[in-house]
Structure formats: C-alpha cells, structure tokens
>>> print(open('input.cif').read())   # mmCIF, C-alpha atoms (C1' of nucleotides)
data_my_file
#
loop_
_atom_site.label_atom_id
_atom_site.label_comp_id
_atom_site.auth_asym_id
_atom_site.auth_seq_id
_atom_site.Cartn_x
_atom_site.Cartn_y
_atom_site.Cartn_z
CA MET A 1101 61.07 78.82 255.62
CA ALA A 1102 61.76 82.44 256.35
CA ASN A 1103 63.42 84.59 253.73
CA ALA A 1104 66.53 85.73 255.57
CA ARG A 1105 68.01 87.38 252.49
CA ILE A 1106 65.36 90.10 252.35
CA LYS A 1107 65.76 90.96 256.00
CA ALA A 1108 69.55 90.98 255.66
CA ALA A 1109 69.41 93.25 252.61
CA ARG A 1110 66.98 95.60 254.33
CA VAL A 1111 69.05 95.86 257.50
CA ALA A 1112 72.21 96.30 255.44
CA ARG A 1113 70.58 99.35 253.90
CA GLY A 1114 69.68 100.70 257.33
CA LEU A 1115 65.97 100.49 256.64
CA THR A 1116 63.18 99.60 259.01
CA GLN A 1117 60.25 97.45 257.91
CA THR A 1118 58.06 100.54 257.89
CA GLU A 1119 60.50 102.51 255.77
CA LEU A 1120 60.85 99.73 253.23
CA ALA A 1121 57.08 99.34 253.15
CA ASN A 1122 56.69 103.05 252.40
CA LEU A 1123 59.32 102.94 249.68
CA VAL A 1124 57.60 100.01 248.03
CA GLY A 1125 54.05 101.18 248.64
CA VAL A 1126 52.73 98.41 250.86
CA THR A 1127 52.08 98.07 254.56
CA ARG A 1128 54.55 97.13 257.24
CA GLN A 1129 52.64 93.91 257.88
CA THR A 1130 53.15 92.79 254.31
CA ILE A 1131 56.91 93.28 254.58
CA GLY A 1132 56.94 91.47 257.89
CA ALA A 1133 55.01 88.53 256.48
CA ILE A 1134 57.33 88.26 253.49
CA GLU A 1135 60.39 88.27 255.73
CA LYS A 1136 58.72 85.68 257.91
CA GLY A 1137 58.27 83.60 254.79
CA ASP A 1138 54.74 82.27 255.09
CA TYR A 1139 53.59 84.20 252.09
CA ASN A 1140 53.53 84.30 248.31
CA PRO A 1141 53.88 87.90 247.14
CA THR A 1142 53.23 89.08 243.60
CA ILE A 1143 56.14 89.55 241.23
CA GLN A 1144 55.56 93.29 240.97
CA LEU A 1145 55.93 93.61 244.72
CA CYS A 1146 59.06 91.45 244.62
CA ILE A 1147 60.47 93.69 241.90
CA GLY A 1148 59.66 96.76 243.97
CA ILE A 1149 61.45 95.31 246.96
CA CYS A 1150 64.45 94.43 244.83
CA ARG A 1151 64.64 97.94 243.40
CA ALA A 1152 64.38 99.51 246.87
CA LEU A 1153 67.15 97.26 248.17
CA GLY A 1154 69.46 97.38 245.17
CA LYS A 1155 69.17 93.68 244.46
CA THR A 1156 67.79 91.51 241.67
CA LEU A 1157 65.08 88.87 241.77
CA ASP A 1158 67.62 86.06 241.64
CA GLU A 1159 69.52 87.52 244.57
CA LEU A 1160 66.52 87.82 246.84
CA PHE A 1161 63.91 85.32 245.67
CA TRP A 1162 65.56 82.58 243.63
CA GLU A 1163 66.12 79.25 245.37
CA GLY A 1164 69.13 77.63 243.76
CA ASP A 1165 67.46 74.28 242.94
CA MET B 861 53.55 95.30 227.73
CA ALA B 862 53.56 91.64 226.81
CA ASN B 863 56.24 89.37 228.21
CA ALA B 864 57.80 88.04 225.03
CA ARG B 865 60.59 86.25 226.88
CA ILE B 866 58.27 83.71 228.47
CA LYS B 867 56.61 82.86 225.19
CA ALA B 868 59.99 82.60 223.46
CA ALA B 869 61.36 80.32 226.17
CA ARG B 870 58.25 78.14 226.07
CA VAL B 871 58.30 77.77 222.27
CA ALA B 872 62.03 77.11 222.37
CA ARG B 873 61.29 74.15 224.60
CA GLY B 874 58.62 72.90 222.22
CA LEU B 875 55.89 73.33 224.80
CA THR B 876 52.31 74.42 224.25
CA GLN B 877 50.56 76.75 226.67
CA THR B 878 48.52 73.81 227.95
CA GLU B 879 51.61 71.66 228.50
CA LEU B 880 53.41 74.39 230.40
CA ALA B 881 50.30 75.04 232.44
CA ASN B 882 50.13 71.36 233.39
CA LEU B 883 53.82 71.26 234.28
CA VAL B 884 53.41 74.29 236.53
CA GLY B 885 50.02 73.35 237.92
CA VAL B 886 47.90 76.24 236.69
CA THR B 887 45.39 76.67 233.88
CA ARG B 888 46.11 77.46 230.28
CA GLN B 889 44.36 80.80 230.67
CA THR B 890 46.76 81.85 233.38
CA ILE B 891 49.76 81.10 231.17
CA GLY B 892 48.12 82.93 228.30
CA ALA B 893 47.44 85.97 230.44
CA ILE B 894 50.99 86.06 231.74
CA GLU B 895 52.38 85.88 228.21
CA LYS B 896 49.97 88.60 227.17
CA GLY B 897 51.39 90.68 230.00
CA ASP B 898 48.35 92.28 231.60
CA TYR B 899 48.85 90.40 234.82
CA ASN B 900 50.78 90.25 238.06
CA PRO B 901 51.47 86.60 238.94
CA THR B 902 52.73 85.41 242.30
CA ILE B 903 56.42 84.71 242.78
CA GLN B 904 55.84 81.03 243.39
CA LEU B 905 54.15 80.73 240.02
CA CYS B 906 56.98 82.67 238.40
CA ILE B 907 59.48 80.31 240.00
CA GLY B 908 57.51 77.32 238.76
CA ILE B 909 57.51 78.70 235.23
CA CYS B 910 61.24 79.36 235.43
CA ARG B 911 61.94 75.82 236.60
CA ALA B 912 59.79 74.32 233.84
CA LEU B 913 61.56 76.40 231.23
CA GLY B 914 65.11 76.10 232.53
CA LYS B 915 65.46 79.81 233.20
CA THR B 916 65.92 82.02 236.25
CA LEU B 917 63.75 84.83 237.56
CA ASP B 918 66.12 87.48 236.26
CA GLU B 919 66.08 85.95 232.80
CA LEU B 920 62.30 85.87 232.49
CA PHE B 921 60.90 88.52 234.82
CA TRP B 922 63.52 91.11 235.61
CA GLU B 923 63.30 94.42 233.78
CA GLY B 924 66.80 95.80 233.53
CA ASP B 925 66.09 99.23 235.05
"C1'" DG C 1003 35.57 69.80 203.82
"C1'" DC C 1004 36.26 67.95 208.34
"C1'" DA C 1005 38.23 66.73 212.83
"C1'" DA C 1006 41.67 67.85 216.07
"C1'" DT C 1007 44.97 71.00 218.27
"C1'" DA C 1008 46.46 75.50 219.81
"C1'" DT C 1009 45.44 80.01 221.05
"C1'" DG C 1010 42.58 84.41 222.23
"C1'" DT C 1011 39.35 85.99 225.12
"C1'" DA C 1012 35.40 86.85 228.37
"C1'" DA C 1013 32.05 86.41 232.51
"C1'" DA C 1014 31.28 84.62 236.84
"C1'" DA C 1015 33.07 82.08 240.91
"C1'" DT C 1016 36.72 81.00 244.21
"C1'" DA C 1017 41.16 81.45 246.48
"C1'" DT C 1018 44.42 84.28 248.26
"C1'" DA C 1019 47.39 88.61 248.50
"C1'" DT C 1020 47.16 92.88 250.77
"C1'" DA C 1021 45.05 96.63 253.70
"C1'" DT C 1022 43.12 98.14 257.97
"C1'" DT C 1023 42.89 98.29 262.72
"C1'" DA C 1024 44.54 96.89 266.87
"C1'" DC C 1025 47.22 95.09 270.69
"C1'" DA C 1026 51.42 92.79 272.75
"C1'" DA C 1027 56.50 92.33 273.29
"C1'" DT C 1028 61.06 93.67 272.91
"C1'" DG C 1029 65.04 96.73 273.11
"C1'" DA C 1030 67.50 101.31 273.16
"C1'" DG C 1031 67.94 105.50 275.32
"C1'" DT C 1032 67.05 108.82 278.84
"C1'" DA D 750 60.84 102.95 285.58
"C1'" DC D 751 59.46 105.26 281.52
"C1'" DT D 752 59.07 106.55 276.67
"C1'" DC D 753 59.66 105.68 272.03
"C1'" DA D 754 60.69 103.01 267.96
"C1'" DT D 755 60.56 98.50 266.04
"C1'" DT D 756 58.67 94.23 265.31
"C1'" DG D 757 55.31 90.12 265.91
"C1'" DT D 758 50.91 88.85 265.19
"C1'" DA D 759 45.80 88.39 264.68
"C1'" DA D 760 40.84 89.39 262.87
"C1'" DT D 761 38.25 91.33 259.57
"C1'" DA D 762 37.71 93.71 255.09
"C1'" DT D 763 39.03 94.59 250.30
"C1'" DA D 764 41.48 93.90 245.98
"C1'" DT D 765 43.02 90.89 242.80
"C1'" DA D 766 45.12 86.37 241.12
"C1'" DT D 767 43.42 82.14 239.45
"C1'" DT D 768 39.81 78.79 238.16
"C1'" DT D 769 35.88 77.31 235.73
"C1'" DT D 770 33.11 77.25 231.84
"C1'" DA D 771 32.45 78.64 227.44
"C1'" DC D 772 32.80 80.25 222.74
"C1'" DA D 773 35.55 81.99 218.64
"C1'" DT D 774 39.40 81.75 215.42
"C1'" DA D 775 43.35 79.86 213.07
"C1'" DT D 776 46.05 76.01 211.59
"C1'" DT D 777 47.42 71.50 210.45
"C1'" DG D 778 46.66 66.76 208.79
"C1'" DC D 779 43.57 63.46 206.93
#
>>> encode(input="input.cif", output="structure tokens")
Amino acid sequence: MANARIKAARVARGLTQTELANLVGVTRQTIGAIEKGDYNPTIQLCIGICRALGKTLDELFWEGD
Amino acid sequence: MANARIKAARVARGLTQTELANLVGVTRQTIGAIEKGDYNPTIQLCIGICRALGKTLDELFWEGD
DNA sequence: GCAATATGTAAAATATATATTACAATGAGT
DNA sequence: ACTCATTGTAATATATATTTTACATATTGC
C-alpha cells in the first residue's frame, strides 16, 4: 500500500526525495519509506510534508473510507 | 498548545476518554496526552481517532497556516 | 459519607519512528 | 563506457510514541 499521492505531489513540485527531506528536516530514507508506504509517520512530520508540498492532510494522507 | 478540537468532538459524541481509547485501540493515557497537546501521535492513530469521531484529518489536526 | 466513574498525571518498560552509515541499481547526460 | 544524480534498501543505533502500573482529585448518584 504505497502512498502514490505524496510521490506525485513531490514530483509535481520538481523536488527530489533528498530536497523534500531537507525542507522537512528528516532524512531521505524516511521520505522514501513513507512513499513506499510501509511506515507510520508522526502527524508533525505529515504536516511538514504537507506544508512543503502545498497540500493538506486530507489531500495526502486521508483514505476516503 | 492543547488540541481542543479533539476533546470537543469526543464530548460531542458523548464519549469518555476511555471509550474513545477502546474504540481506537490505545490507552486512555494516550488519548489524554493527545488532548492535552504535548504529544506527536502517529498518523494511523490520528486517522483512527478521526474515524471514531466522524471527522477528517484536516478538521481535527490541521493548523490553518 | 460512600462507592463508582472520569480525568490528570507520573515513572518505568516496551514498541516503533527516525537517524546513521553504507552499498547496489537505475537512468540521464557527456 | 563513464560519471553523476536519484532512488531502493538494509543493519545498527538513537529518539520518542505508547503501554503498564499506580496514585490523586473531582464529580455524580445512592
């Protein structure tokens, strides 16, 4: 269950995993794992990712039922 | 920085901290700490709380800029 | 007053998110 | 073919989320 929305939003912004990681303040591996989906990040990290990508929590992390 | 929205949504549903904790599958202390605000829960827990309370992530956890 | 329920809070233990380091694989460009 | 940037992934270490146990307080109903 990979999170394709995060990857799509990142690529749409022209950002690499490393760049997004630096913007958010985590490592590249953490971003990669989140995009891969086998992972349960904290809400603060999710919020940071959303802010960096110009999205909201619902847009990137909410599973519509 | 307490999260008043979660507490309000829980009380509005007539749920106690213990009942919400059981619905979500965590302990009462965890719910209490999240409501108190000094805490950084995982997104899966946030999603579980949202589902139990009939809200979305943006409604309960998003800080509008 | 007393028992029961709900909440606040704290210390120690456990589970897991995240960092660190490292190496492999792919693709773009020269 | 070669270099460089990007990504996948894994093992170990560290930070922190969550549990467990426990006690205190407030409130409500009997």
>>> residues_around(input="input.cif", residues="stretch 868-881 of chain B", least_positions_apart="5", cutoff="9 Å", atoms="only C-alpha atoms (C1' of nucleotides)", output="list in words")
Val886, Thr887, Arg888, Gln889, Thr890, Ile891, Gly892, Ile909, Ala912, Leu913, Gly914, Lys915 and Leu920 of chain B; DA1008 and DT1009 of chain C
>>> atom_distance(input="input.cif", atom1="atom CA of B:Pro901", atom2="atom C1' of D:DA766")
6.7 Å
>>> atom_distance(input="input.cif", atom1="atom CA of B:Val884", atom2="atom CA of B:Gly908")
5.6 Å
>>> residues_around(input="input.cif", residues="D:DT770", least_positions_apart="5", cutoff="12 Å", atoms="all atoms listed in the file", output="PyMOL selection string")
(chain B and resi 889) or (chain C and resi 1012-1015)
>>> resolve_selection(input="input.cif", expression="the PyMOL selection byres ((chain C and resi 1004) around 12)", output="list in words")
DG1003, DA1005 and DA1006 of chain C; DT777, DG778 and DC779 of chain D
>>> resolve_selection(input="input.cif", expression="the PyMOL selection byres ((chain C and resi 1016) around 10)", output="PDB file with C-alpha atoms (C1' of nucleotides), in the coordinates of the input")
ATOM      1  C1'  DA C1014      31.280  84.620 236.840  1.00  0.00           C
ATOM      2  C1'  DA C1015      33.070  82.080 240.910  1.00  0.00           C
ATOM      3  C1'  DA C1017      41.160  81.450 246.480  1.00  0.00           C
ATOM      4  C1'  DT C1018      44.420  84.280 248.260  1.00  0.00           C
TER       5       DT C1018
ATOM      6  C1'  DT D 767      43.420  82.140 239.450  1.00  0.00           C
ATOM      7  C1'  DT D 768      39.810  78.790 238.160  1.00  0.00           C
ATOM      8  C1'  DT D 769      35.880  77.310 235.730  1.00  0.00           C
TER       9       DT D 769
END
>>> resolve_selection(input="input.cif", expression="the PyMOL selection byres ((chain A and resi 1147) around 9)", output="PyMOL selection string")
(chain A and resi 1142-1146+1148-1152+1156-1157) or (chain B and resi 921-923)
>>> interface_residues(input="input.cif", of="chain D", to="chain A", cutoff="12 Å", atoms="all atoms listed in the file", output="PDB file with C-alpha atoms (C1' of nucleotides), in the coordinates of the input")
ATOM      1  C1'  DA D 754      60.690 103.010 267.960  1.00  0.00           C
ATOM      2  C1'  DT D 755      60.560  98.500 266.040  1.00  0.00           C
ATOM      3  C1'  DT D 756      58.670  94.230 265.310  1.00  0.00           C
ATOM      4  C1'  DG D 757      55.310  90.120 265.910  1.00  0.00           C
ATOM      5  C1'  DT D 758      50.910  88.850 265.190  1.00  0.00           C
ATOM      6  C1'  DA D 759      45.800  88.390 264.680  1.00  0.00           C
ATOM      7  C1'  DT D 765      43.020  90.890 242.800  1.00  0.00           C
ATOM      8  C1'  DA D 766      45.120  86.370 241.120  1.00  0.00           C
TER       9       DA D 766
END
>>> interface_residues(input="input.cif", of="chain C", to="chain A", cutoff="12 Å", atoms="only C-alpha atoms (C1' of nucleotides)", output="NGL selection string")
:C and (1018-1023)
>>> atom_distance(input="input.cif", atom1="atom CA of B:Glu895", atom2="atom CA of B:Asn863")
5.2 Å
>>> closest_residue(input="input.cif", among="B:Gly924, B:Asp898, B:Ala864, B:Asp918", to="chain A", atoms="only C-alpha atoms")
B:Asp918
>>> decode(input="input.cif", residues="stretch 1142-1164 of chain A", atoms="N, CA and C atoms", output="PDB file, in the first residue's frame")
ATOM      1  N   THR A1142       4.804  10.282  12.108  1.00  0.00           N
ATOM      2  CA  THR A1142       4.095  11.104  13.086  1.00  0.00           C
ATOM      3  C   THR A1142       3.334  12.223  12.377  1.00  0.00           C
ATOM      4  N   ILE A1143       2.320  12.749  13.074  1.00  0.00           N
ATOM      5  CA  ILE A1143       1.491  13.769  12.433  1.00  0.00           C
ATOM      6  C   ILE A1143       2.286  15.037  12.167  1.00  0.00           C
ATOM      7  N   GLN A1144       3.227  15.361  13.031  1.00  0.00           N
ATOM      8  CA  GLN A1144       4.022  16.573  12.782  1.00  0.00           C
ATOM      9  C   GLN A1144       4.831  16.446  11.499  1.00  0.00           C
ATOM     10  N   LEU A1145       5.370  15.255  11.259  1.00  0.00           N
ATOM     11  CA  LEU A1145       6.095  15.047  10.012  1.00  0.00           C
ATOM     12  C   LEU A1145       5.146  15.127   8.823  1.00  0.00           C
ATOM     13  N   CYS A1146       3.973  14.526   8.958  1.00  0.00           N
ATOM     14  CA  CYS A1146       2.976  14.616   7.880  1.00  0.00           C
ATOM     15  C   CYS A1146       2.635  16.064   7.585  1.00  0.00           C
ATOM     16  N   ILE A1147       2.445  16.854   8.646  1.00  0.00           N
ATOM     17  CA  ILE A1147       2.111  18.265   8.461  1.00  0.00           C
ATOM     18  C   ILE A1147       3.264  18.981   7.762  1.00  0.00           C
ATOM     19  N   GLY A1148       4.480  18.676   8.158  1.00  0.00           N
ATOM     20  CA  GLY A1148       5.633  19.278   7.499  1.00  0.00           C
ATOM     21  C   GLY A1148       5.687  18.953   6.021  1.00  0.00           C
ATOM     22  N   ILE A1149       5.423  17.705   5.692  1.00  0.00           N
ATOM     23  CA  ILE A1149       5.404  17.309   4.282  1.00  0.00           C
ATOM     24  C   ILE A1149       4.310  18.056   3.533  1.00  0.00           C
ATOM     25  N   CYS A1150       3.145  18.130   4.143  1.00  0.00           N
ATOM     26  CA  CYS A1150       2.032  18.847   3.501  1.00  0.00           C
ATOM     27  C   CYS A1150       2.412  20.297   3.228  1.00  0.00           C
ATOM     28  N   ARG A1151       2.976  20.955   4.225  1.00  0.00           N
ATOM     29  CA  ARG A1151       3.353  22.360   4.058  1.00  0.00           C
ATOM     30  C   ARG A1151       4.363  22.507   2.918  1.00  0.00           C
ATOM     31  N   ALA A1152       5.365  21.610   2.888  1.00  0.00           N
ATOM     32  CA  ALA A1152       6.407  21.707   1.863  1.00  0.00           C
ATOM     33  C   ALA A1152       5.833  21.477   0.470  1.00  0.00           C
ATOM     34  N   LEU A1153       4.761  20.711   0.388  1.00  0.00           N
ATOM     35  CA  LEU A1153       4.202  20.348  -0.915  1.00  0.00           C
ATOM     36  C   LEU A1153       2.946  21.144  -1.263  1.00  0.00           C
ATOM     37  N   GLY A1154       2.537  22.041  -0.384  1.00  0.00           N
ATOM     38  CA  GLY A1154       1.359  22.847  -0.674  1.00  0.00           C
ATOM     39  C   GLY A1154       0.075  22.047  -0.700  1.00  0.00           C
ATOM     40  N   LYS A1155      -0.003  21.063   0.176  1.00  0.00           N
ATOM     41  CA  LYS A1155      -1.205  20.235   0.261  1.00  0.00           C
ATOM     42  C   LYS A1155      -1.703  20.202   1.700  1.00  0.00           C
ATOM     43  N   THR A1156      -2.875  19.623   1.908  1.00  0.00           N
ATOM     44  CA  THR A1156      -3.370  19.460   3.274  1.00  0.00           C
ATOM     45  C   THR A1156      -3.297  17.992   3.672  1.00  0.00           C
ATOM     46  N   LEU A1157      -3.529  17.718   4.934  1.00  0.00           N
ATOM     47  CA  LEU A1157      -3.508  16.343   5.428  1.00  0.00           C
ATOM     48  C   LEU A1157      -4.513  15.479   4.676  1.00  0.00           C
ATOM     49  N   ASP A1158      -5.716  15.992   4.493  1.00  0.00           N
ATOM     50  CA  ASP A1158      -6.732  15.195   3.803  1.00  0.00           C
ATOM     51  C   ASP A1158      -6.281  14.850   2.388  1.00  0.00           C
ATOM     52  N   GLU A1159      -5.633  15.782   1.737  1.00  0.00           N
ATOM     53  CA  GLU A1159      -5.224  15.549   0.349  1.00  0.00           C
ATOM     54  C   GLU A1159      -4.148  14.476   0.232  1.00  0.00           C
ATOM     55  N   LEU A1160      -3.262  14.424   1.203  1.00  0.00           N
ATOM     56  CA  LEU A1160      -2.143  13.484   1.082  1.00  0.00           C
ATOM     57  C   LEU A1160      -2.289  12.216   1.923  1.00  0.00           C
ATOM     58  N   PHE A1161      -2.990  12.304   3.052  1.00  0.00           N
ATOM     59  CA  PHE A1161      -2.954  11.173   3.978  1.00  0.00           C
ATOM     60  C   PHE A1161      -4.316  10.579   4.317  1.00  0.00           C
ATOM     61  N   TRP A1162      -5.385  11.214   3.915  1.00  0.00           N
ATOM     62  CA  TRP A1162      -6.707  10.710   4.277  1.00  0.00           C
ATOM     63  C   TRP A1162      -7.163   9.648   3.282  1.00  0.00           C
ATOM     64  N   GLU A1163      -7.606   8.521   3.798  1.00  0.00           N
ATOM     65  CA  GLU A1163      -8.142   7.466   2.942  1.00  0.00           C
ATOM     66  C   GLU A1163      -9.661   7.575   2.983  1.00  0.00           C
ATOM     67  N   GLY A1164     -10.235   7.973   1.904  1.00  0.00           N
ATOM     68  CA  GLY A1164     -11.691   8.168   1.858  1.00  0.00           C
ATOM     69  C   GLY A1164     -12.437   6.870   2.136  1.00  0.00           C
TER      70      GLY A1164
END
